[in-house]
>>> print(open('query-v8.cif').read())   # mmCIF, C-alpha atoms and all ligand atoms
data_run
#
loop_
_atom_site.group_PDB
_atom_site.id
_atom_site.type_symbol
_atom_site.label_atom_id
_atom_site.label_comp_id
_atom_site.auth_asym_id
_atom_site.auth_seq_id
_atom_site.Cartn_x
_atom_site.Cartn_y
_atom_site.Cartn_z
ATOM 1 C CA MET N 1 -75.142 17.183 -57.631
ATOM 2 C CA ALA N 2 -74.007 18.438 -54.213
ATOM 3 C CA GLN N 3 -71.125 16.404 -52.773
ATOM 4 C CA PRO N 4 -71.120 15.237 -49.154
ATOM 5 C CA ASP N 5 -69.235 17.643 -46.923
ATOM 6 C CA THR N 6 -66.577 15.068 -46.147
ATOM 7 C CA THR N 7 -63.817 17.346 -45.001
ATOM 8 C CA ALA N 8 -66.142 18.829 -42.384
ATOM 9 C CA GLY N 9 -67.091 15.492 -40.847
ATOM 10 C CA ASN N 10 -64.185 13.111 -40.969
ATOM 11 C CA PRO N 11 -61.248 15.018 -39.472
ATOM 12 C CA ARG N 12 -62.759 14.427 -36.027
ATOM 13 C CA VAL N 13 -61.516 10.852 -36.084
ATOM 14 C CA SER N 14 -57.955 12.084 -36.530
ATOM 15 C CA LEU N 15 -57.767 12.552 -32.746
ATOM 16 C CA THR N 16 -57.395 8.794 -32.328
ATOM 17 C CA GLY N 17 -54.507 9.021 -34.841
ATOM 18 C CA TYR N 18 -52.559 10.972 -32.198
ATOM 19 C CA ALA N 19 -53.122 8.109 -29.732
ATOM 20 C CA THR N 20 -51.959 5.467 -32.209
ATOM 21 C CA ALA N 21 -48.893 7.580 -33.095
ATOM 22 C CA SER N 22 -47.903 7.615 -29.415
ATOM 23 C CA ALA N 23 -48.619 3.882 -29.201
ATOM 24 C CA TRP N 24 -46.238 3.267 -32.115
ATOM 25 C CA ALA N 25 -43.582 5.454 -30.480
ATOM 26 C CA HIS N 26 -44.084 3.518 -27.233
ATOM 27 C CA PHE N 27 -43.668 0.206 -29.090
ATOM 28 C CA GLY N 28 -40.539 1.454 -30.879
ATOM 29 C CA PHE N 29 -41.569 1.561 -34.564
ATOM 30 C CA ASP N 30 -39.048 3.295 -36.854
ATOM 31 C CA TYR N 31 -39.210 7.108 -36.686
ATOM 32 C CA ALA N 32 -42.477 6.925 -34.703
ATOM 33 C CA ASP N 33 -41.029 9.276 -32.065
ATOM 34 C CA TRP N 34 -41.279 12.074 -34.666
ATOM 35 C CA PHE N 35 -45.043 12.076 -34.201
ATOM 36 C CA ASP N 36 -45.213 11.299 -30.498
ATOM 37 C CA SER N 37 -47.040 14.135 -28.744
ATOM 38 C CA ARG N 38 -48.355 15.163 -25.348
ATOM 39 C CA ARG N 39 -51.888 14.872 -26.724
ATOM 40 C CA GLY N 40 -51.217 11.365 -28.025
ATOM 41 C CA ARG N 41 -49.612 10.182 -24.783
ATOM 42 C CA ALA N 42 -52.494 11.618 -22.763
ATOM 43 C CA LEU N 43 -54.840 9.390 -24.770
ATOM 44 C CA PHE N 44 -52.674 6.299 -25.154
ATOM 45 C CA LEU N 45 -50.897 5.837 -21.808
ATOM 46 C CA PRO N 46 -54.021 5.695 -19.556
ATOM 47 C CA LEU N 47 -55.551 3.251 -22.044
ATOM 48 C CA HIS N 48 -52.390 1.146 -22.135
ATOM 49 C CA TYR N 49 -51.868 0.945 -18.378
ATOM 50 C CA GLY N 50 -55.626 0.497 -17.855
ATOM 51 C CA CYS N 51 -55.475 -2.479 -20.236
ATOM 52 C CA ARG N 52 -52.513 -3.923 -18.323
ATOM 53 C CA ALA N 53 -54.453 -3.683 -15.061
ATOM 54 C CA LEU N 54 -57.479 -5.299 -16.681
ATOM 55 C CA ARG N 55 -55.562 -8.163 -18.240
ATOM 56 C CA PRO N 56 -55.604 -10.590 -15.263
ATOM 57 C CA ILE N 57 -59.404 -10.429 -15.030
ATOM 58 C CA ALA N 58 -60.338 -9.793 -18.684
ATOM 59 C CA PRO N 59 -57.440 -10.938 -20.898
ATOM 60 C CA ALA N 60 -59.138 -10.204 -24.232
ATOM 61 C CA ALA N 61 -60.177 -6.634 -23.423
ATOM 62 C CA GLY N 62 -56.906 -6.122 -21.521
ATOM 63 C CA ALA N 63 -54.929 -6.845 -24.690
ATOM 64 C CA PHE N 64 -56.559 -3.971 -26.585
ATOM 65 C CA SER N 65 -53.602 -1.592 -26.528
ATOM 66 C CA GLU N 66 -51.300 -4.388 -27.729
ATOM 67 C CA THR N 67 -53.546 -4.816 -30.768
ATOM 68 C CA LEU N 68 -52.431 -1.331 -31.885
ATOM 69 C CA TYR N 69 -48.928 -2.752 -32.062
ATOM 70 C CA TRP N 70 -49.993 -5.872 -33.919
ATOM 71 C CA ARG N 71 -52.257 -4.132 -36.413
ATOM 72 C CA HIS N 72 -49.520 -1.702 -37.388
ATOM 73 C CA ARG N 73 -46.911 -4.401 -37.557
ATOM 74 C CA TRP N 74 -49.085 -6.680 -39.730
ATOM 75 C CA PHE N 75 -49.876 -3.864 -42.174
ATOM 76 C CA SER N 76 -46.156 -3.128 -42.512
ATOM 77 C CA ALA N 77 -45.283 -6.811 -42.931
ATOM 78 C CA TRP N 78 -47.981 -7.142 -45.609
ATOM 79 C CA ALA N 79 -46.660 -4.099 -47.496
ATOM 80 C CA HIS N 80 -43.160 -5.539 -47.323
ATOM 81 C CA ALA N 81 -44.319 -8.928 -48.643
ATOM 82 C CA GLN N 82 -45.993 -7.274 -51.666
ATOM 83 C CA ALA N 83 -42.671 -5.670 -52.748
ATOM 84 C CA PRO N 84 -44.597 -2.769 -54.351
ATOM 85 C CA ASP N 85 -43.340 -0.266 -56.928
ATOM 86 C CA LEU N 86 -46.017 2.123 -55.711
ATOM 87 C CA ALA N 87 -47.643 2.126 -52.259
ATOM 88 C CA LEU N 88 -50.565 4.369 -51.331
ATOM 89 C CA GLU N 89 -51.518 4.741 -47.689
ATOM 90 C CA ILE N 90 -54.796 6.597 -47.391
ATOM 91 C CA GLY N 91 -55.755 8.225 -44.102
ATOM 92 C CA ALA N 92 -52.142 7.676 -43.031
ATOM 93 C CA GLY N 93 -52.603 9.890 -39.979
ATOM 94 C CA LEU N 94 -49.315 10.114 -38.097
ATOM 95 C CA SER N 95 -47.839 6.898 -39.400
ATOM 96 C CA THR N 96 -44.127 6.818 -40.265
ATOM 97 C CA ARG N 97 -44.394 3.439 -42.001
ATOM 98 C CA GLY N 98 -44.155 5.016 -45.478
ATOM 99 C CA ILE N 99 -41.122 7.094 -44.590
ATOM 100 C CA ALA N 100 -39.289 4.070 -43.174
ATOM 101 C CA TYR N 101 -40.267 1.851 -46.096
ATOM 102 C CA ALA N 102 -39.328 4.412 -48.752
ATOM 103 C CA GLN N 103 -36.009 4.982 -46.994
ATOM 104 C CA ALA N 104 -35.219 1.266 -47.115
ATOM 105 C CA HIS N 105 -36.481 0.772 -50.710
ATOM 106 C CA PRO N 106 -35.279 3.726 -52.795
ATOM 107 C CA ARG N 107 -36.492 2.268 -56.118
ATOM 108 C CA MET N 108 -40.163 2.289 -55.153
ATOM 109 C CA ARG N 109 -42.509 5.235 -54.522
ATOM 110 C CA TRP N 110 -44.643 5.704 -51.397
ATOM 111 C CA ILE N 111 -47.458 8.249 -51.138
ATOM 112 C CA ASP N 112 -49.267 9.031 -47.872
ATOM 113 C CA TYR N 113 -52.663 10.699 -48.265
ATOM 114 C CA ASP N 114 -54.812 12.365 -45.678
ATOM 115 C CA LEU N 115 -57.247 15.249 -45.204
ATOM 116 C CA PRO N 116 -55.843 18.809 -45.226
ATOM 117 C CA ASP N 117 -55.650 19.341 -41.434
ATOM 118 C CA MET N 118 -53.773 16.102 -40.840
ATOM 119 C CA VAL N 119 -51.415 16.748 -43.760
ATOM 120 C CA ALA N 120 -50.677 20.210 -42.326
ATOM 121 C CA ALA N 121 -50.058 18.679 -38.863
ATOM 122 C CA ARG N 122 -47.699 16.125 -40.388
ATOM 123 C CA ARG N 123 -45.854 18.751 -42.439
ATOM 124 C CA ALA N 124 -45.327 20.894 -39.341
ATOM 125 C CA ARG N 125 -43.815 17.962 -37.468
ATOM 126 C CA LEU N 126 -41.742 16.765 -40.420
ATOM 127 C CA ALA N 127 -40.069 20.145 -40.893
ATOM 128 C CA GLY N 128 -36.393 19.706 -40.123
ATOM 129 C CA HIS N 129 -36.366 15.965 -40.866
ATOM 130 C CA ALA N 130 -34.725 14.721 -44.063
ATOM 131 C CA LEU N 131 -37.247 12.675 -46.040
ATOM 132 C CA PRO N 132 -36.399 10.189 -48.788
ATOM 133 C CA ASP N 133 -36.953 11.505 -52.341
ATOM 134 C CA ASN N 134 -39.253 8.596 -53.155
ATOM 135 C CA TYR N 135 -41.618 9.518 -50.310
ATOM 136 C CA GLN N 136 -44.523 11.916 -50.882
ATOM 137 C CA LEU N 137 -47.250 13.351 -48.656
ATOM 138 C CA ASP N 138 -50.391 14.631 -50.344
ATOM 139 C CA VAL N 139 -53.871 15.852 -49.525
ATOM 140 C CA GLY N 140 -56.422 13.279 -50.646
ATOM 141 C CA ASP N 141 -60.044 12.807 -49.630
ATOM 142 C CA LEU N 142 -61.252 9.279 -50.260
ATOM 143 C CA LEU N 143 -64.830 10.467 -50.440
ATOM 144 C CA ALA N 144 -64.264 13.298 -52.890
ATOM 145 C CA ASP N 145 -64.636 12.922 -56.643
ATOM 146 C CA GLY N 146 -61.443 12.142 -58.557
ATOM 147 C CA PHE N 147 -59.424 10.714 -55.656
ATOM 148 C CA GLY N 148 -55.884 9.953 -56.918
ATOM 149 C CA GLU N 149 -56.641 11.086 -60.473
ATOM 150 C CA LYS N 150 -53.365 13.030 -60.650
ATOM 151 C CA LEU N 151 -51.474 9.726 -60.415
ATOM 152 C CA ALA N 152 -50.251 8.680 -63.838
ATOM 153 C CA SER N 153 -50.529 4.988 -64.608
ATOM 154 C CA THR N 154 -47.239 3.439 -65.655
ATOM 155 C CA PRO N 155 -47.091 -0.020 -67.221
ATOM 156 C CA ASP N 156 -46.042 -2.963 -65.059
ATOM 157 C CA THR N 157 -46.356 -1.028 -61.826
ATOM 158 C CA ARG N 158 -46.970 -3.236 -58.819
ATOM 159 C CA ALA N 159 -49.348 -1.030 -56.859
ATOM 160 C CA ILE N 160 -50.774 -1.496 -53.378
ATOM 161 C CA ALA N 161 -53.112 0.577 -51.248
ATOM 162 C CA MET N 162 -53.940 0.407 -47.572
ATOM 163 C CA THR N 163 -56.188 2.069 -45.028
ATOM 164 C CA GLU N 164 -55.417 1.394 -41.365
ATOM 165 C CA GLY N 165 -58.024 2.620 -38.895
ATOM 166 C CA VAL N 166 -60.032 4.519 -41.500
ATOM 167 C CA THR N 167 -63.019 2.828 -43.127
ATOM 168 C CA ASP N 168 -64.724 1.538 -39.964
ATOM 169 C CA TYR N 169 -65.266 5.215 -39.105
ATOM 170 C CA LEU N 170 -67.419 5.495 -42.248
ATOM 171 C CA ASP N 171 -71.065 4.560 -42.598
ATOM 172 C CA HIS N 172 -72.101 1.979 -45.194
ATOM 173 C CA ALA N 173 -72.688 4.492 -48.016
ATOM 174 C CA GLU N 174 -69.315 6.145 -47.312
ATOM 175 C CA LYS N 175 -67.536 2.763 -47.142
ATOM 176 C CA ARG N 176 -68.943 1.941 -50.566
ATOM 177 C CA ARG N 177 -67.784 5.272 -51.930
ATOM 178 C CA ALA N 178 -64.304 4.856 -50.408
ATOM 179 C CA TRP N 179 -63.850 1.242 -51.545
ATOM 180 C CA THR N 180 -65.118 2.049 -55.058
ATOM 181 C CA ALA N 181 -62.603 4.919 -55.258
ATOM 182 C CA ILE N 182 -59.723 2.624 -54.210
ATOM 183 C CA ALA N 183 -60.780 -0.201 -56.553
ATOM 184 C CA SER N 184 -61.094 2.142 -59.529
ATOM 185 C CA LEU N 185 -57.774 3.848 -58.770
ATOM 186 C CA LEU N 186 -55.962 0.490 -58.519
ATOM 187 C CA SER N 187 -57.683 -0.677 -61.669
ATOM 188 C CA ARG N 188 -56.581 2.484 -63.532
ATOM 189 C CA LEU N 189 -53.021 1.797 -62.308
ATOM 190 C CA GLY N 190 -53.149 -1.639 -63.932
ATOM 191 C CA GLY N 191 -54.392 -3.662 -60.943
ATOM 192 C CA GLY N 192 -53.161 -4.105 -57.411
ATOM 193 C CA ARG N 193 -53.931 -5.181 -53.860
ATOM 194 C CA TYR N 194 -55.586 -3.353 -50.993
ATOM 195 C CA LEU N 195 -55.293 -4.106 -47.263
ATOM 196 C CA LEU N 196 -57.702 -2.900 -44.605
ATOM 197 C CA GLU N 197 -58.890 -3.994 -41.208
ATOM 198 C CA VAL N 198 -62.544 -4.562 -40.481
ATOM 199 C CA HIS N 199 -64.090 -4.788 -37.011
ATOM 200 C CA PRO N 200 -67.114 -6.998 -37.667
ATOM 201 C CA ARG N 201 -69.904 -6.654 -35.134
ATOM 202 C CA ASP N 202 -69.805 -10.392 -34.380
ATOM 203 C CA HIS N 203 -66.141 -9.990 -33.303
ATOM 204 C CA ILE N 204 -66.764 -6.827 -31.329
ATOM 205 C CA ASP N 205 -69.632 -8.286 -29.358
ATOM 206 C CA GLN N 206 -67.412 -10.919 -27.752
ATOM 207 C CA PHE N 207 -65.747 -8.098 -25.790
ATOM 208 C CA GLY N 208 -69.003 -7.295 -23.950
ATOM 209 C CA MET N 209 -68.911 -4.318 -21.571
ATOM 210 C CA ALA N 210 -65.361 -3.286 -22.613
ATOM 211 C CA ALA N 211 -66.530 -2.864 -26.228
ATOM 212 C CA ARG N 212 -69.567 -0.849 -25.134
ATOM 213 C CA LEU N 213 -67.312 1.498 -23.136
ATOM 214 C CA MET N 214 -64.922 1.884 -26.073
ATOM 215 C CA PHE N 215 -67.773 2.724 -28.474
ATOM 216 C CA ASP N 216 -69.058 5.271 -26.005
ATOM 217 C CA VAL N 217 -65.649 6.994 -26.018
ATOM 218 C CA LEU N 218 -65.471 6.785 -29.827
ATOM 219 C CA ARG N 219 -68.980 8.229 -30.148
ATOM 220 C CA ARG N 220 -67.851 11.248 -28.126
ATOM 221 C CA ILE N 221 -64.728 11.668 -30.258
ATOM 222 C CA SER N 222 -66.224 11.065 -33.703
ATOM 223 C CA GLY N 223 -69.784 12.274 -33.109
ATOM 224 C CA ARG N 224 -71.058 9.012 -34.584
ATOM 225 C CA ASP N 225 -72.589 5.765 -33.392
ATOM 226 C CA LEU N 226 -69.734 3.716 -34.800
ATOM 227 C CA ARG N 227 -70.996 0.285 -33.745
ATOM 228 C CA ASN N 228 -74.037 0.614 -35.981
ATOM 229 C CA GLN N 229 -71.820 1.511 -38.943
ATOM 230 C CA LEU N 230 -69.811 -1.707 -38.716
ATOM 231 C CA CYS N 231 -70.302 -4.669 -41.016
ATOM 232 C CA VAL N 232 -72.240 -7.448 -39.338
ATOM 233 C CA ASN N 233 -69.526 -9.981 -40.124
ATOM 234 C CA ALA N 234 -66.465 -10.388 -42.349
ATOM 235 C CA ASP N 235 -68.585 -11.941 -45.126
ATOM 236 C CA GLU N 236 -70.607 -8.753 -45.420
ATOM 237 C CA ALA N 237 -67.414 -6.680 -45.785
ATOM 238 C CA ILE N 238 -66.057 -9.088 -48.414
ATOM 239 C CA ALA N 239 -69.311 -8.982 -50.395
ATOM 240 C CA MET N 240 -69.317 -5.170 -50.251
ATOM 241 C CA LEU N 241 -65.691 -4.956 -51.408
ATOM 242 C CA GLU N 242 -66.441 -7.255 -54.343
ATOM 243 C CA ASP N 243 -69.520 -5.196 -55.140
ATOM 244 C CA CYS N 244 -67.359 -2.042 -55.172
ATOM 245 C CA GLY N 245 -65.132 -3.322 -57.973
ATOM 246 C CA PHE N 246 -62.600 -5.646 -56.337
ATOM 247 C CA SER N 247 -62.372 -8.975 -58.167
ATOM 248 C CA ARG N 248 -61.628 -10.895 -54.981
ATOM 249 C CA ALA N 249 -61.420 -10.213 -51.253
ATOM 250 C CA ARG N 250 -60.450 -12.566 -48.430
ATOM 251 C CA VAL N 251 -59.689 -12.585 -44.729
ATOM 252 C CA LEU N 252 -55.967 -13.079 -44.192
ATOM 253 C CA PRO N 253 -55.600 -16.257 -42.130
ATOM 254 C CA ASP N 254 -53.438 -16.221 -39.000
ATOM 255 C CA ALA N 255 -50.925 -18.453 -40.770
ATOM 256 C CA GLU N 256 -50.124 -15.497 -43.054
ATOM 257 C CA LEU N 257 -49.577 -13.074 -40.175
ATOM 258 C CA ASP N 258 -46.081 -13.157 -38.759
ATOM 259 C CA ALA N 259 -45.300 -13.407 -35.055
ATOM 260 C CA ALA N 260 -43.052 -11.132 -33.018
ATOM 261 C CA ALA N 261 -41.663 -11.151 -29.528
ATOM 262 C CA GLU N 262 -42.029 -7.521 -28.446
ATOM 263 C CA ALA N 263 -45.658 -7.676 -27.326
ATOM 264 C CA PRO N 264 -47.998 -10.582 -26.570
ATOM 265 C CA ALA N 265 -50.207 -11.376 -29.577
ATOM 266 C CA PRO N 266 -53.831 -11.020 -28.500
ATOM 267 C CA ALA N 267 -55.598 -14.351 -28.423
ATOM 268 C CA GLN N 268 -58.890 -12.673 -29.366
ATOM 269 C CA ARG N 269 -58.917 -9.777 -31.801
ATOM 270 C CA ALA N 270 -61.648 -7.269 -32.475
ATOM 271 C CA PHE N 271 -60.683 -7.016 -36.144
ATOM 272 C CA VAL N 272 -59.884 -9.112 -39.172
ATOM 273 C CA LEU N 273 -57.427 -8.129 -41.880
ATOM 274 C CA ILE N 274 -58.908 -8.254 -45.366
ATOM 275 C CA GLU N 275 -56.903 -8.262 -48.573
ATOM 276 C CA ALA N 276 -58.779 -7.276 -51.727
ATOM 277 C CA GLN N 277 -57.467 -7.236 -55.259
ATOM 278 C CA VAL N 278 -58.318 -5.870 -58.681
HETATM 279 C C1 LIG N 301 -58.312 7.123 -36.827
HETATM 280 S S1 LIG N 301 -57.201 7.968 -37.845
HETATM 281 C C2 LIG N 301 -56.087 6.660 -38.315
HETATM 282 C C3 LIG N 301 -54.790 7.214 -38.767
HETATM 283 C C4 LIG N 301 -53.705 6.134 -38.978
HETATM 284 N N1 LIG N 301 -53.956 5.362 -40.189
HETATM 285 C C5 LIG N 301 -53.642 5.253 -37.777
HETATM 286 O O1 LIG N 301 -53.829 4.027 -37.904
HETATM 287 O O2 LIG N 301 -53.406 5.786 -36.706
HETATM 288 C C6 LIG N 301 -58.153 8.141 -39.345
HETATM 289 C C7 LIG N 301 -57.416 8.963 -40.385
HETATM 290 O O3 LIG N 301 -58.194 8.976 -41.571
HETATM 291 C C8 LIG N 301 -58.222 10.287 -42.086
HETATM 292 N N2 LIG N 301 -59.431 10.425 -42.885
HETATM 293 C C9 LIG N 301 -60.703 10.508 -42.444
HETATM 294 N N3 LIG N 301 -61.555 10.631 -43.476
HETATM 295 C C10 LIG N 301 -60.789 10.601 -44.593
HETATM 296 C C11 LIG N 301 -61.083 10.707 -45.966
HETATM 297 N N4 LIG N 301 -62.343 10.882 -46.374
HETATM 298 N N5 LIG N 301 -60.066 10.658 -46.863
HETATM 299 C C12 LIG N 301 -58.774 10.494 -46.440
HETATM 300 N N6 LIG N 301 -58.436 10.408 -45.129
HETATM 301 C C13 LIG N 301 -59.437 10.456 -44.227
HETATM 302 C C14 LIG N 301 -58.209 11.170 -40.829
HETATM 303 O O4 LIG N 301 -57.790 12.488 -41.105
HETATM 304 C C15 LIG N 301 -57.240 10.413 -39.955
HETATM 305 O O5 LIG N 301 -55.901 10.794 -40.146
#
>>> encode(input="query-v8.cif", output="structure tokens", more="lines below")
Ligand SMILES: C[S@@+](CC[C@H](N)C(=O)[O-])C[C@H]1O[C@@H](n2cnc3c(N)ncnc32)[C@H](O)[C@@H]1O
Amino acid sequence: MAQPDTTAGNPRVSLTGYATASAWAHFGFDYADWFDSRRGRALFLPLHYGCRALRPIAPAAGAFSETLYWRHRWFSAWAHAQAPDLALEIGAGLSTRGIAYAQAHPRMRWIDYDLPDMVAARRARLAGHALPDNYQLDVGDLLADGFGEKLASTPDTRAIAMTEGVTDYLDHAEKRRAWTAIASLLSRLGGGRYLLEVHPRDHIDQFGMAARLMFDVLRRISGRDLRNQLCVNADEAIAMLEDCGFSRARVLPDAELDAAAEAPAPAQRAFVLIEAQV
């Protein structure tokens, strides 16, 4: 049967990965300056200062660029709390989280996966930097057959997987394919946990005009009507994850998300963090 031409369609969303990389450099995440770029700053800084200007009249929408800080920070804090032996970040884009984590935890193994163009862009920028031996960067397409099949399962491995800013760019059929691939990979590795963020439509709609403008920009970048691809609410995402092979999925409550002083935590967020496990 013909496979969907995934590598032709999805790399378009990697452009926003340049913006988030510059956001992380701006917010001072470890090694994030390695992936800061003129292209990323040209996307992130107008958004960031536009949000600041908007904040007095529309605090929720005006906090958008700060949510890039919080989302990244919460993913990293979650990974840390899991104390994994093996961490897989899929669609890692220009994140340096894995490099920093592997550096600090030499007994574990971290693998970043992405599509070929993004992996090549990362490799070009990483040339000249010393990387920890327990860190690996690999090409991996979540929507292709046999994702992660080269990974050998080792007994008693505490495995985690995460996708930050990836699956909401996929339509429902693609989300199912991606989540099934992650659930079956974790299951083959002996079980594990998966973290993702979901922007449910009922959360997005509270941002009114600002959300409509953002989706217009994202439609131009990705070539897709992203709003219509979103889950209606968090319950729909949880039911889909469980249908794709996860034994349990739940929204992480705010009490489980740590606080930090560097940026104001947004009172209203467009996304929820969901932890699923097999
Ligand atoms: C919007 S970027 C997010 C990157 C990074 N996680 C972040 O938060 O900035 C989406 C990333 O997913 C990758 N991607 C898209 N489709 C993919 C697929 N089918 N398999 C693996 N990675 C994919 C893109 O190449 C891109 O790097």
>>> resolve_selection(input="query-v8.cif", expression="the PyMOL selection byres (((chain N and resi 160) around 12) and not hetatm)", output="PyMOL selection string")
chain N and resi 75-76+78-90+108-112+157-159+161-163+182-183+185-187+189-196+275-278
>>> residues_near_point(input="query-v8.cif", point="(-63.6, -12.7, -44.0)", cutoff="6 Å", atoms="all atoms listed in the file", output="PDB file with C-alpha atoms, in the coordinates of the input")
ATOM      1  CA  ALA N 234     -66.465 -10.388 -42.349  1.00  0.00           C
ATOM      2  CA  ASP N 235     -68.585 -11.941 -45.126  1.00  0.00           C
ATOM      3  CA  ARG N 250     -60.450 -12.566 -48.430  1.00  0.00           C
ATOM      4  CA  VAL N 251     -59.689 -12.585 -44.729  1.00  0.00           C
TER       5      VAL N 251
END
>>> residues_near_ligand(input="query-v8.cif", ligand="ligand LIG 301 (chain N)", cutoff="7 Å", atoms="only C-alpha atoms and all ligand atoms", output="PyMOL selection string")
chain N and resi 6-7+10-11+13-18+20-21+90-95+113-115+118+140-143+163-166
>>> closest_residue(input="query-v8.cif", among="N:Ala23, N:Ala181, N:Ala130, N:Ala211", to="N:Arg73", atoms="only C-alpha atoms")
N:Ala23
>>> resolve_selection(input="query-v8.cif", expression="the PyMOL selection byres (((chain N and resi 32-44) around 6) and not hetatm)", output="CSV table (one decimal) with C-alpha atoms, keeping the file's coordinate frame")
chain,number,residue,atom,x,y,z
N,18,TYR,CA,-52.6,11.0,-32.2
N,19,ALA,CA,-53.1,8.1,-29.7
N,21,ALA,CA,-48.9,7.6,-33.1
N,22,SER,CA,-47.9,7.6,-29.4
N,24,TRP,CA,-46.2,3.3,-32.1
N,25,ALA,CA,-43.6,5.5,-30.5
N,29,PHE,CA,-41.6,1.6,-34.6
N,30,ASP,CA,-39.0,3.3,-36.9
N,31,TYR,CA,-39.2,7.1,-36.7
N,45,LEU,CA,-50.9,5.8,-21.8
N,46,PRO,CA,-54.0,5.7,-19.6
N,47,LEU,CA,-55.6,3.3,-22.0
N,48,HIS,CA,-52.4,1.1,-22.1
N,96,THR,CA,-44.1,6.8,-40.3
